[in-house]
file coords.cif (mmCIF, C-alpha atoms)
data_data
#
loop_
_atom_site.label_atom_id
_atom_site.label_comp_id
_atom_site.auth_asym_id
_atom_site.auth_seq_id
_atom_site.Cartn_x
_atom_site.Cartn_y
_atom_site.Cartn_z
CA MET A 1 118.87 -96.73 -70.71
CA GLU A 2 115.96 -99.00 -71.50
CA ASP A 3 114.45 -96.25 -73.67
CA LEU A 4 117.71 -95.71 -75.49
CA VAL A 5 118.01 -99.37 -76.37
CA GLN A 6 114.39 -99.37 -77.53
CA ARG A 7 115.14 -96.37 -79.71
CA GLU A 8 118.22 -98.06 -81.09
CA HIS A 9 116.13 -101.04 -82.14
CA GLU A 10 113.66 -98.75 -83.88
CA ILE A 11 116.46 -97.03 -85.78
CA MET A 12 117.84 -100.41 -86.73
CA LYS A 13 114.49 -101.40 -88.23
CA VAL A 14 114.31 -98.23 -90.30
CA CYS A 15 117.86 -98.66 -91.61
CA LEU A 16 117.37 -102.30 -92.51
CA LEU A 17 114.06 -101.62 -94.23
CA ALA A 18 115.58 -98.83 -96.30
CA GLY A 19 118.51 -101.04 -97.24
CA GLN A 20 116.27 -103.95 -98.09
CA ILE A 21 114.04 -101.93 -100.43
CA MET A 22 117.04 -100.46 -102.21
CA LEU A 23 118.79 -103.78 -102.57
CA GLN A 24 115.67 -105.47 -103.91
CA SER A 25 115.17 -102.66 -106.40
CA GLY A 26 118.66 -103.01 -107.84
CA ALA A 27 120.58 -100.12 -106.28
CA GLU A 28 124.37 -100.08 -106.36
CA THR A 29 126.22 -101.65 -103.43
CA TYR A 30 127.81 -98.45 -102.20
CA ARG A 31 124.49 -96.62 -102.29
CA VAL A 32 122.74 -99.22 -100.15
CA GLU A 33 125.52 -99.31 -97.58
CA ASP A 34 125.86 -95.55 -97.59
CA THR A 35 122.13 -94.92 -97.18
CA MET A 36 121.90 -97.17 -94.12
CA VAL A 37 124.90 -95.54 -92.45
CA ARG A 38 123.57 -92.08 -93.24
CA ILE A 39 120.10 -92.74 -91.84
CA ALA A 40 121.61 -94.07 -88.64
CA ALA A 41 123.90 -91.06 -88.40
CA SER A 42 120.98 -88.67 -88.88
CA PHE A 43 119.28 -90.27 -85.90
CA GLY A 44 122.43 -89.80 -83.88
CA VAL A 45 124.01 -93.26 -84.08
CA ASP A 46 127.53 -92.83 -85.39
CA LYS A 47 129.34 -96.10 -84.91
CA THR A 48 127.71 -98.37 -87.49
CA HIS A 49 128.79 -100.97 -89.99
CA SER A 50 126.83 -102.10 -92.99
CA TYR A 51 127.59 -104.96 -95.26
CA MET A 52 125.65 -105.93 -98.33
CA THR A 53 125.74 -108.85 -100.71
CA PRO A 54 123.03 -109.43 -103.33
CA THR A 55 121.53 -112.17 -101.17
CA GLY A 56 121.74 -110.67 -97.71
CA LEU A 57 122.15 -107.54 -95.67
CA ILE A 58 123.97 -107.12 -92.37
CA PHE A 59 123.82 -103.99 -90.25
CA SER A 60 125.32 -103.43 -86.85
CA MET A 61 125.32 -100.57 -84.38
CA GLU A 62 127.61 -100.15 -81.40
CA ASP A 63 125.92 -97.44 -79.29
CA PRO A 64 124.45 -97.58 -76.72
CA GLN A 65 124.38 -101.35 -76.87
CA PRO A 66 125.97 -103.43 -79.63
CA ILE A 67 123.34 -105.03 -81.84
CA THR A 68 123.64 -106.70 -85.21
CA ARG A 69 120.90 -107.88 -87.48
CA LEU A 70 120.72 -109.80 -90.70
CA ASN A 71 118.14 -109.68 -93.49
CA ARG A 72 117.96 -112.45 -96.02
CA ILE A 73 117.09 -111.22 -99.53
CA SER A 74 115.74 -113.69 -102.02
CA ASP A 75 114.16 -111.78 -104.89
CA ARG A 76 115.58 -108.81 -106.73
CA THR A 77 114.17 -106.76 -109.59
CA THR A 78 114.95 -103.42 -111.15
CA ASN A 79 112.68 -100.72 -109.82
CA LEU A 80 114.29 -97.32 -110.11
CA HIS A 81 111.19 -95.58 -108.80
CA LYS A 82 111.59 -97.21 -105.39
CA ILE A 83 115.28 -96.32 -105.24
CA ASP A 84 114.39 -92.73 -105.97
CA ARG A 85 111.73 -92.64 -103.25
CA VAL A 86 113.89 -94.25 -100.57
CA ASN A 87 116.59 -91.78 -101.51
CA SER A 88 114.26 -88.86 -100.92
CA VAL A 89 113.10 -90.31 -97.60
CA SER A 90 116.73 -90.63 -96.56
CA ARG A 91 117.33 -87.04 -97.63
CA ARG A 92 114.40 -85.86 -95.54
CA ILE A 93 115.60 -87.84 -92.55
CA SER A 94 119.00 -86.19 -92.69
CA LYS A 95 117.31 -82.80 -92.84
CA GLY A 96 115.49 -83.74 -89.64
CA GLU A 97 112.04 -83.61 -91.23
CA LEU A 98 111.01 -87.13 -90.26
CA THR A 99 110.83 -88.89 -86.92
CA ILE A 100 111.76 -92.55 -86.61
CA ALA A 101 108.14 -93.71 -86.65
CA GLU A 102 107.23 -91.51 -89.61
CA ALA A 103 110.24 -92.70 -91.58
CA ARG A 104 109.27 -96.28 -90.92
CA ARG A 105 105.71 -95.69 -92.07
CA GLU A 106 106.90 -94.04 -95.28
CA LEU A 107 109.30 -96.86 -96.02
CA GLU A 108 106.66 -99.50 -95.40
CA HIS A 109 104.42 -97.65 -97.80
CA ILE A 110 107.16 -97.62 -100.45
CA GLN A 111 107.79 -101.31 -99.91
CA ARG A 112 104.17 -102.14 -100.71
CA THR A 113 104.11 -100.28 -104.03
CA GLY A 114 104.77 -102.37 -107.12
CA ASP A 115 105.46 -101.50 -110.73
CA ILE A 116 104.39 -97.99 -111.61
CA TYR A 117 103.42 -98.77 -115.18
CA PRO A 118 100.64 -101.24 -116.07
CA LEU A 119 101.57 -104.55 -117.66
CA TRP A 120 100.24 -103.74 -121.13
CA LEU A 121 102.29 -100.56 -121.26
CA ARG A 122 105.46 -102.38 -120.25
CA LEU A 123 104.84 -105.03 -122.89
CA LEU A 124 104.27 -102.34 -125.48
CA MET A 125 107.51 -100.67 -124.41
CA ALA A 126 109.44 -103.95 -124.59
CA ALA A 127 108.10 -104.41 -128.11
CA LEU A 128 108.91 -100.84 -129.09
CA ALA A 129 112.41 -101.08 -127.65
CA SER A 130 113.04 -104.31 -129.56
CA GLY A 131 111.91 -102.70 -132.80
CA CYS A 132 114.10 -99.66 -132.20
CA PHE A 133 117.10 -101.82 -131.39
CA LEU A 134 116.61 -103.57 -134.71
CA ILE A 135 117.10 -100.25 -136.50
CA MET A 136 120.03 -99.34 -134.26
CA PHE A 137 121.76 -102.61 -135.11
CA HIS A 138 121.46 -101.79 -138.81
CA GLY A 139 118.44 -103.95 -139.50
CA ILE A 140 115.95 -103.12 -142.21
CA TRP A 141 112.60 -101.38 -141.58
CA PRO A 142 110.44 -104.29 -142.89
CA ASP A 143 111.80 -106.39 -139.99
CA PHE A 144 110.68 -103.82 -137.41
CA LEU A 145 107.35 -105.46 -136.71
CA ALA A 146 108.82 -108.97 -136.51
CA ALA A 147 111.34 -107.88 -133.88
CA ALA A 148 108.68 -105.95 -131.97
CA VAL A 149 106.28 -108.90 -131.83
CA ALA A 150 109.02 -111.38 -130.89
CA GLY A 151 110.44 -109.03 -128.24
CA GLY A 152 107.07 -108.28 -126.67
CA LEU A 153 106.03 -111.92 -126.64
CA GLY A 154 109.33 -113.09 -125.16
CA PHE A 155 109.11 -110.48 -122.42
CA TYR A 156 105.53 -111.49 -121.66
CA CYS A 157 106.51 -115.16 -121.46
CA MET A 158 109.29 -114.35 -119.02
CA LEU A 159 107.08 -112.20 -116.76
CA MET A 160 104.26 -114.75 -116.65
CA LEU A 161 106.52 -117.71 -115.92
CA GLN A 162 108.40 -115.75 -113.29
CA ARG A 163 105.09 -115.25 -111.51
CA MET A 164 104.18 -118.93 -111.68
CA ILE A 165 107.52 -120.62 -111.09
CA PRO A 166 110.06 -119.02 -108.76
CA VAL A 167 113.02 -120.28 -110.79
CA LYS A 168 114.41 -117.29 -112.62
CA PHE A 169 116.57 -119.37 -114.90
CA PHE A 170 113.59 -121.23 -116.29
CA ALA A 171 111.58 -118.06 -116.93
CA GLU A 172 114.44 -116.49 -118.85
CA PHE A 173 115.08 -119.68 -120.76
CA SER A 174 111.42 -119.86 -121.82
CA GLY A 175 111.37 -116.19 -122.77
CA ALA A 176 114.36 -116.73 -125.04
CA LEU A 177 112.76 -119.90 -126.39
CA ALA A 178 109.62 -117.99 -127.35
CA ILE A 179 111.73 -115.33 -129.07
CA GLY A 180 113.71 -117.93 -130.96
CA LEU A 181 110.54 -119.71 -132.05
CA CYS A 182 108.88 -116.48 -133.22
CA ALA A 183 111.97 -115.36 -135.11
CA VAL A 184 112.47 -118.69 -136.84
CA LEU A 185 108.78 -118.89 -137.83
CA PHE A 186 108.70 -115.28 -139.03
CA VAL A 187 111.72 -115.80 -141.24
CA LYS A 188 110.36 -119.08 -142.56
CA PHE A 189 107.04 -117.54 -143.56
CA GLY A 190 108.60 -114.43 -145.03
CA PHE A 191 107.35 -112.05 -142.30
CA GLY A 192 110.95 -111.21 -141.39
CA ARG A 193 114.19 -111.40 -143.29
CA ASP A 194 117.34 -111.29 -141.18
CA LEU A 195 117.08 -113.92 -138.44
CA ASP A 196 120.23 -112.90 -136.52
CA ILE A 197 119.33 -109.26 -136.16
CA ILE A 198 115.72 -110.00 -135.26
CA VAL A 199 116.85 -112.33 -132.48
CA ILE A 200 119.53 -109.98 -131.13
CA SER A 201 117.19 -107.01 -130.94
CA SER A 202 114.22 -108.85 -129.45
CA VAL A 203 116.40 -110.46 -126.79
CA MET A 204 117.54 -107.04 -125.54
CA PRO A 205 114.70 -106.61 -122.96
CA LEU A 206 115.87 -109.82 -121.27
CA VAL A 207 119.60 -109.10 -121.35
CA PRO A 208 121.12 -108.47 -117.88
CA GLY A 209 122.94 -105.33 -118.95
CA LEU A 210 122.58 -103.63 -115.60
CA LEU A 211 123.90 -106.66 -113.75
CA ILE A 212 126.99 -107.11 -115.91
CA THR A 213 127.96 -103.48 -115.61
CA ASN A 214 127.22 -103.28 -111.88
CA ALA A 215 129.18 -106.48 -111.29
CA ILE A 216 132.36 -105.19 -112.89
CA ARG A 217 131.96 -101.82 -111.25
CA ASP A 218 131.49 -103.39 -107.83
CA LEU A 219 134.63 -105.44 -108.37
CA MET A 220 136.61 -102.35 -109.34
CA ALA A 221 135.28 -100.45 -106.33
CA GLY A 222 136.41 -103.20 -103.96
CA HIS A 223 133.03 -104.80 -103.22
CA LEU A 224 134.44 -108.18 -104.12
CA VAL A 225 131.71 -110.47 -102.82
CA SER A 226 128.89 -108.42 -104.35
CA GLY A 227 130.74 -108.11 -107.61
CA LEU A 228 131.39 -111.81 -107.94
CA SER A 229 127.86 -112.84 -107.07
CA LYS A 230 126.30 -110.26 -109.38
CA GLY A 231 128.63 -111.50 -112.08
CA ALA A 232 127.48 -115.05 -111.42
CA GLU A 233 123.85 -113.99 -111.66
CA ALA A 234 124.51 -112.16 -114.92
CA PHE A 235 126.32 -115.18 -116.29
CA ILE A 236 123.43 -117.50 -115.40
CA THR A 237 120.94 -115.16 -117.04
CA SER A 238 123.03 -114.79 -120.19
CA PHE A 239 123.43 -118.54 -120.26
CA ALA A 240 119.66 -119.05 -119.92
CA ILE A 241 118.98 -116.66 -122.79
CA GLY A 242 121.72 -118.16 -124.91
CA ALA A 243 120.55 -121.69 -124.23
CA GLY A 244 116.95 -120.82 -125.13
CA ILE A 245 117.99 -119.27 -128.42
CA ALA A 246 120.49 -122.01 -129.15
CA PHE A 247 117.86 -124.66 -128.52
CA MET A 248 115.63 -123.09 -131.14
CA LEU A 249 118.43 -122.56 -133.63
CA SER A 250 119.50 -126.19 -133.43
CA PHE A 251 116.11 -127.19 -134.85
CA GLN A 252 116.34 -124.75 -137.68
CA MET B 1 120.97 -92.28 -141.52
CA TYR B 2 122.01 -90.48 -138.30
CA PHE B 3 118.52 -89.09 -137.89
CA GLU B 4 117.06 -92.59 -137.87
CA GLN B 5 119.57 -93.65 -135.20
CA LEU B 6 118.86 -90.50 -133.21
CA VAL B 7 115.13 -91.18 -133.00
CA THR B 8 115.34 -94.92 -132.40
CA SER B 9 118.02 -94.67 -129.72
CA PHE B 10 115.99 -92.03 -127.90
CA ILE B 11 112.83 -94.15 -127.97
CA ALA B 12 114.65 -97.36 -127.07
CA SER B 13 116.35 -95.79 -124.03
CA ALA B 14 113.14 -94.18 -122.77
CA ALA B 15 111.21 -97.42 -123.32
CA PHE B 16 113.85 -99.28 -121.35
CA GLY B 17 113.44 -96.71 -118.64
CA MET B 18 109.79 -97.71 -118.37
CA LEU B 19 110.71 -101.39 -118.11
CA PHE B 20 112.91 -100.46 -115.16
CA ASN B 21 110.12 -98.43 -113.52
CA THR B 22 111.85 -95.10 -114.02
CA PRO B 23 109.72 -92.28 -112.59
CA LYS B 24 107.77 -90.39 -115.27
CA LYS B 25 109.60 -87.13 -114.68
CA ALA B 26 112.93 -88.78 -115.58
CA LEU B 27 111.95 -90.60 -118.77
CA LEU B 28 112.89 -87.86 -121.23
CA GLN B 29 116.27 -87.41 -119.57
CA CYS B 30 116.87 -91.18 -119.80
CA GLY B 31 116.12 -91.06 -123.50
CA PHE B 32 118.44 -88.11 -123.94
CA ALA B 33 121.34 -89.77 -122.12
CA GLY B 34 120.89 -92.94 -124.16
CA MET B 35 120.69 -90.99 -127.39
CA VAL B 36 123.89 -89.04 -126.78
CA GLY B 37 125.74 -92.22 -125.78
CA TRP B 38 124.60 -94.13 -128.83
CA LEU B 39 125.28 -91.30 -131.31
CA LEU B 40 128.76 -90.89 -129.89
CA TYR B 41 129.32 -94.63 -130.18
CA ILE B 42 128.24 -94.98 -133.82
CA TRP B 43 130.02 -91.77 -134.79
CA LEU B 44 133.27 -93.09 -133.31
CA GLN B 45 132.71 -96.39 -135.08
CA ASP B 46 132.29 -94.56 -138.37
CA MET B 47 135.59 -92.82 -137.66
CA HIS B 48 137.12 -96.32 -137.39
CA VAL B 49 137.89 -95.99 -133.71
CA LEU B 50 138.25 -99.35 -131.92
CA ARG B 51 134.97 -100.69 -130.59
CA ILE B 52 136.29 -100.87 -127.04
CA THR B 53 137.53 -97.29 -127.08
CA ALA B 54 134.23 -96.12 -128.53
CA THR B 55 132.39 -97.93 -125.73
CA VAL B 56 134.56 -96.37 -123.02
CA VAL B 57 134.01 -92.86 -124.41
CA ALA B 58 130.27 -93.36 -124.87
CA SER B 59 129.69 -94.78 -121.40
CA TYR B 60 131.86 -92.03 -119.92
CA TRP B 61 129.64 -89.37 -121.42
CA VAL B 62 126.41 -91.16 -120.60
CA THR B 63 127.48 -91.18 -116.97
CA MET B 64 128.62 -87.56 -117.06
CA ILE B 65 125.25 -86.48 -118.40
CA SER B 66 123.50 -88.67 -115.85
CA HIS B 67 125.55 -86.99 -113.13
CA LEU B 68 124.38 -83.59 -114.29
CA PHE B 69 120.77 -84.73 -114.31
CA ALA B 70 121.17 -86.44 -110.93
CA LYS B 71 122.39 -83.19 -109.41
CA ARG B 72 119.81 -81.07 -111.14
CA TYR B 73 116.82 -83.22 -110.20
CA ARG B 74 118.15 -84.58 -106.87
CA THR B 75 117.64 -88.16 -108.00
CA PRO B 76 120.02 -91.13 -107.69
CA ILE B 77 122.31 -91.30 -110.71
CA ILE B 78 121.40 -94.90 -111.46
CA VAL B 79 117.93 -93.75 -112.57
CA PHE B 80 119.43 -91.99 -115.57
CA SER B 81 122.52 -94.02 -116.30
CA VAL B 82 120.99 -97.51 -116.54
CA SER B 83 118.81 -96.99 -119.56
CA GLY B 84 121.50 -94.86 -121.19
CA ILE B 85 124.02 -97.66 -120.87
CA ILE B 86 121.72 -100.41 -122.21
CA PRO B 87 122.29 -99.75 -125.94
CA LEU B 88 126.04 -100.18 -125.42
CA VAL B 89 125.68 -103.63 -123.86
CA PRO B 90 127.25 -106.19 -126.23
CA GLY B 91 124.12 -108.28 -126.67
CA GLY B 92 124.87 -109.01 -130.30
CA THR B 93 128.39 -110.21 -129.65
CA ALA B 94 127.23 -112.44 -126.82
CA TYR B 95 124.58 -113.86 -129.16
CA ASP B 96 127.15 -114.59 -131.86
CA ALA B 97 129.33 -116.32 -129.28
CA MET B 98 126.44 -118.49 -128.20
CA ARG B 99 125.47 -119.29 -131.75
CA ASN B 100 128.98 -120.40 -132.59
CA ALA B 101 129.09 -122.55 -129.49
CA VAL B 102 125.92 -124.31 -130.59
CA GLU B 103 127.40 -124.93 -134.01
CA ASN B 104 130.44 -126.57 -132.37
CA GLN B 105 132.79 -123.76 -133.42
CA TYR B 106 134.27 -123.32 -129.97
CA ASP B 107 137.31 -121.32 -131.07
CA GLN B 108 135.05 -118.64 -132.55
CA ALA B 109 132.76 -118.82 -129.54
CA VAL B 110 135.58 -118.22 -127.06
CA GLN B 111 136.90 -115.30 -129.11
CA LEU B 112 133.53 -113.61 -129.30
CA GLY B 113 132.82 -114.34 -125.64
CA ALA B 114 136.09 -112.68 -124.68
CA GLU B 115 135.17 -109.69 -126.82
CA ALA B 116 131.78 -109.39 -125.11
CA PHE B 117 133.50 -109.54 -121.73
CA MET B 118 136.00 -106.85 -122.71
CA ILE B 119 133.22 -104.57 -123.91
CA SER B 120 131.32 -105.01 -120.64
CA GLY B 121 134.55 -104.12 -118.90
CA ALA B 122 134.87 -101.06 -121.13
CA ILE B 123 131.40 -99.89 -120.11
CA ALA B 124 132.30 -100.26 -116.44
CA LEU B 125 135.60 -98.46 -117.02
CA GLY B 126 133.81 -95.52 -118.61
CA LEU B 127 131.42 -95.39 -115.66
CA LEU B 128 134.27 -95.46 -113.19
CA LEU B 129 136.32 -92.80 -114.98
CA SER B 130 133.36 -90.48 -114.99
CA GLU B 131 132.75 -91.07 -111.29
CA VAL B 132 136.39 -90.27 -110.58
CA THR B 133 136.11 -87.10 -112.66
CA ASN B 134 133.08 -86.04 -110.68
CA GLN B 135 134.77 -86.68 -107.37
CA LEU B 136 137.74 -84.63 -108.49
CA ILE B 137 135.45 -81.79 -109.52
CA ARG B 138 133.67 -81.94 -106.18
CA LYS B 139 136.96 -81.81 -104.28
CA TRP B 140 138.31 -79.02 -106.38
CA LYS B 141 135.27 -76.74 -106.24
CA PRO B 142 135.28 -75.57 -102.59
CA ARG B 143 138.69 -73.99 -103.05
CA VAL B 144 137.44 -71.91 -105.97
CA VAL B 145 134.28 -70.67 -104.28
#
call {"tool": "encode", "arguments": {"input": "coords.cif", "output": "structure tokens"}}
result
Amino acid sequence: MEDLVQREHEIMKVCLLAGQIMLQSGAETYRVEDTMVRIAASFGVDKTHSYMTPTGLIFSMEDPQPITRLNRISDRTTNLHKIDRVNSVSRRISKGELTIAEARRELEHIQRTGDIYPLWLRLLMAALASGCFLIMFHGIWPDFLAAAVAGGLGFYCMLMLQRMIPVKFFAEFSGALAIGLCAVLFVKFGFGRDLDIIVISSVMPLVPGLLITNAIRDLMAGHLVSGLSKGAEAFITSFAIGAGIAFMLSFQ
Amino acid sequence: MYFEQLVTSFIASAAFGMLFNTPKKALLQCGFAGMVGWLLYIWLQDMHVLRITATVVASYWVTMISHLFAKRYRTPIIVFSVSGIIPLVPGGTAYDAMRNAVENQYDQAVQLGAEAFMISGAIALGLLLSEVTNQLIRKWKPRVV
């Protein structure tokens, strides 16, 4: 009996860790809940309940002894690589290829990995994406560079500030401020022409597109608490971006 | 004109994939999904289809393609769908709303804000419809085989 309870606690740790990594990497609500239940089931624990909100994770098991644990989640990013890797670990667990200890080691390893692309490459990509969006939004080619520079710089500002100050709102606000400043200066000195389109396209790397969509989808799927809080987060982010841009425009 | 959109939407979606730490092996597929979604969207707009309808159709197909890729490469669907959806996000409309609010034109701002909200809803609706389609296909298949 003692051994069984010990084992149950080990399984619990694996499930919670998997859920935590997925949640922090931006996985959908149903996938996080489903993965935890599946892992537990593969280890032979059938009666489980999982509950996820963007700020916390609750998992409970009933056999052989009822236990419930809670994980508080404070920071979330988008890291699809981690979601993919946890998914494949979960797949291997359900095939019976991993023991509890092995699974835990793998998950801990995944948790320690960070961004897979170096910073300069991500900045370059943010710049490139901004430039491409300019063309997609019917901008003119001469503005390409202006949008790219503004987009890359804004993204850099946001990343740096997010590292220094743990207030997400402020980082996003400053990112948008930098973009607004760049765009206004570029247009003033003739480096860019259409202010509106330059701003819209260079703001795209900051826009919480994933959050908005996931929020509404969670609401439709019945995950009401998750949906509402993701919606709130998306609203705050949009507001931060809008306020940053608006602040700059009011000086124009 | 379409060629320009084709190339830029592909690059933009793949670049966004890198911002979201998409694994290297999935980047091209991300770009492809985004490209198809965007081309469908602008084509429908050129045919004077309503913007909301165009968004629903485009996000439906982005998710369908992502589903195919997800099955083929045994990867969570979100890896492909996120960067494909990004071009459809109503960033421009939200920006216009904000700009009007700053200029004290609140009636315009509320209108545009509502439009941005409806378009986000349209994206989610397309996603959901495609998920339902896939579940139906999955349920229907075993009887055939």
call {"tool": "interface_residues", "arguments": {"input": "coords.cif", "of": "chain B", "to": "chain A", "cutoff": "6 Å", "atoms": "all atoms listed in the file", "output": "list of chain:residue names"}}
result
B:Gln5, B:Thr8, B:Ala12, B:Ala15, B:Leu19, B:Phe20, B:Asn21, B:Thr22, B:Pro23, B:Thr75, B:Val79, B:Val89, B:Gly92, B:Met98, B:Ala124
call {"tool": "resolve_selection", "arguments": {"input": "coords.cif", "expression": "the PyMOL selection byres ((chain A and resi 166-178) around 6)", "output": "PyMOL selection string"}}
result
chain A and resi 154+157-158+161-162+165+179-181+240-241+244-245
call {"tool": "closest_residue", "arguments": {"input": "coords.cif", "among": "A:Leu228, A:Ala150, A:Ile100, A:Ile236", "to": "Leu195 of chain A", "atoms": "all atoms listed in the file"}}
result
A:Ala150
call {"tool": "resolve_selection", "arguments": {"input": "coords.cif", "expression": "the PyMOL selection byres ((chain B and resi 65) around 12)", "output": "number ranges by chain"}}
result
B: 29-37, 58-64, 66-72, 77-82, 84-85, 127, 130-131, 134
call {"tool": "resolve_selection", "arguments": {"input": "coords.cif", "expression": "the PyMOL selection byres ((chain A and resi 45-57) around 8)", "output": "PDB file with C-alpha atoms, keeping the file's coordinate frame"}}
result
ATOM      1  CA  LEU A  16     117.370-102.300 -92.510  1.00  0.00           C
ATOM      2  CA  GLY A  19     118.510-101.040 -97.240  1.00  0.00           C
ATOM      3  CA  GLN A  20     116.270-103.950 -98.090  1.00  0.00           C
ATOM      4  CA  LEU A  23     118.790-103.780-102.570  1.00  0.00           C
ATOM      5  CA  THR A  29     126.220-101.650-103.430  1.00  0.00           C
ATOM      6  CA  VAL A  32     122.740 -99.220-100.150  1.00  0.00           C
ATOM      7  CA  GLU A  33     125.520 -99.310 -97.580  1.00  0.00           C
ATOM      8  CA  MET A  36     121.900 -97.170 -94.120  1.00  0.00           C
ATOM      9  CA  VAL A  37     124.900 -95.540 -92.450  1.00  0.00           C
ATOM     10  CA  ALA A  40     121.610 -94.070 -88.640  1.00  0.00           C
ATOM     11  CA  ALA A  41     123.900 -91.060 -88.400  1.00  0.00           C
ATOM     12  CA  SER A  42     120.980 -88.670 -88.880  1.00  0.00           C
ATOM     13  CA  PHE A  43     119.280 -90.270 -85.900  1.00  0.00           C
ATOM     14  CA  GLY A  44     122.430 -89.800 -83.880  1.00  0.00           C
ATOM     15  CA  ILE A  58     123.970-107.120 -92.370  1.00  0.00           C
ATOM     16  CA  PHE A  59     123.820-103.990 -90.250  1.00  0.00           C
ATOM     17  CA  SER A  60     125.320-103.430 -86.850  1.00  0.00           C
ATOM     18  CA  MET A  61     125.320-100.570 -84.380  1.00  0.00           C
ATOM     19  CA  GLU A  62     127.610-100.150 -81.400  1.00  0.00           C
ATOM     20  CA  ASP A  63     125.920 -97.440 -79.290  1.00  0.00           C
ATOM     21  CA  LEU A  70     120.720-109.800 -90.700  1.00  0.00           C
ATOM     22  CA  ASN A  71     118.140-109.680 -93.490  1.00  0.00           C
ATOM     23  CA  ARG A  72     117.960-112.450 -96.020  1.00  0.00           C
ATOM     24  CA  ILE A  73     117.090-111.220 -99.530  1.00  0.00           C
ATOM     25  CA  SER A  74     115.740-113.690-102.020  1.00  0.00           C
ATOM     26  CA  VAL A 225     131.710-110.470-102.820  1.00  0.00           C
ATOM     27  CA  SER A 226     128.890-108.420-104.350  1.00  0.00           C
ATOM     28  CA  SER A 229     127.860-112.840-107.070  1.00  0.00           C
ATOM     29  CA  LYS A 230     126.300-110.260-109.380  1.00  0.00           C
TER      30      LYS A 230
END
call {"tool": "closest_residue", "arguments": {"input": "coords.cif", "among": "B:Ile52, B:Pro87, B:Pro76, B:Arg138", "to": "Glu115 of chain B", "atoms": "all atoms listed in the file"}}
result
B:Ile52
call {"tool": "closest_residue", "arguments": {"input": "coords.cif", "among": "B:Ala26, B:Ile123, B:Met18, B:Tyr2", "to": "Ile42 of chain B", "atoms": "all atoms listed in the file"}}
result
B:Tyr2
call {"tool": "atom_distance", "arguments": {"input": "coords.cif", "atom1": "atom CA of Trp140 of chain B", "atom2": "atom CA of Tyr30 of chain A"}}
result
22.5 Å
call {"tool": "atom_distance", "arguments": {"input": "coords.cif", "atom1": "atom CA of Pro64 of chain A", "atom2": "atom CA of Thr99 of chain A"}}
result
19.1 Å
call {"tool": "atom_distance", "arguments": {"input": "coords.cif", "atom1": "atom CA of Ser13 of chain B", "atom2": "atom CA of Leu39 of chain B"}}
result
12.4 Å
call {"tool": "residues_around", "arguments": {"input": "coords.cif", "residues": "Val89 of chain A", "least_positions_apart": "5", "cutoff": "9 Å", "atoms": "all atoms listed in the file", "output": "ChimeraX atom specification"}}
result
/A:18,84,94,98,103,106-107
call {"tool": "axis_aligned_box", "arguments": {"input": "coords.cif", "around": "segment 232-244 of chain A", "padding_each_side": "5 Å", "output": "AutoDock Vina command-line options"}}
result
--center_x 122.2 --center_y -116.9 --center_z -118.3 --size_x 20.5 --size_y 19.5 --size_z 23.7
call {"tool": "residues_around", "arguments": {"input": "coords.cif", "residues": "Glu10 of chain A", "least_positions_apart": "4", "cutoff": "10 Å", "atoms": "all atoms listed in the file", "output": "ChimeraX atom specification"}}
result
/A:4-6,14-15,100-101,104
call {"tool": "decode", "arguments": {"input": "coords.cif", "residues": "segment 74-83 of chain B", "atoms": "N, CA and C atoms", "output": "mmCIF file, in the first residue's frame"}}
result
data_model
loop_
_atom_site.group_PDB
_atom_site.id
_atom_site.type_symbol
_atom_site.label_atom_id
_atom_site.label_comp_id
_atom_site.auth_asym_id
_atom_site.auth_seq_id
_atom_site.Cartn_x
_atom_site.Cartn_y
_atom_site.Cartn_z
ATOM 1 N N ARG B 74 2.538 13.842 -37.024
ATOM 2 C CA ARG B 74 2.319 13.505 -35.613
ATOM 3 C C ARG B 74 2.777 14.624 -34.687
ATOM 4 N N THR B 75 2.265 15.805 -34.933
ATOM 5 C CA THR B 75 2.628 17.003 -34.193
ATOM 6 C C THR B 75 1.328 17.680 -33.777
ATOM 7 N N PRO B 76 1.298 18.336 -32.606
ATOM 8 C CA PRO B 76 0.061 19.027 -32.221
ATOM 9 C C PRO B 76 -0.356 20.044 -33.278
ATOM 10 N N ILE B 77 -1.645 20.137 -33.497
ATOM 11 C CA ILE B 77 -2.155 20.990 -34.581
ATOM 12 C C ILE B 77 -1.797 22.453 -34.379
ATOM 13 N N ILE B 78 -1.688 22.869 -33.126
ATOM 14 C CA ILE B 78 -1.451 24.282 -32.836
ATOM 15 C C ILE B 78 -0.143 24.755 -33.472
ATOM 16 N N VAL B 79 0.816 23.856 -33.630
ATOM 17 C CA VAL B 79 2.106 24.211 -34.220
ATOM 18 C C VAL B 79 1.924 24.801 -35.622
ATOM 19 N N PHE B 80 0.975 24.215 -36.381
ATOM 20 C CA PHE B 80 0.785 24.695 -37.748
ATOM 21 C C PHE B 80 -0.237 25.810 -37.823
ATOM 22 N N SER B 81 -1.285 25.718 -37.006
ATOM 23 C CA SER B 81 -2.402 26.634 -37.204
ATOM 24 C C SER B 81 -2.082 28.056 -36.733
ATOM 25 N N VAL B 82 -1.298 28.198 -35.665
ATOM 26 C CA VAL B 82 -1.084 29.527 -35.100
ATOM 27 C C VAL B 82 -0.524 30.508 -36.107
ATOM 28 N N SER B 83 0.586 30.133 -36.743
ATOM 29 C CA SER B 83 1.189 31.110 -37.644
ATOM 30 C C SER B 83 0.372 31.265 -38.926
#
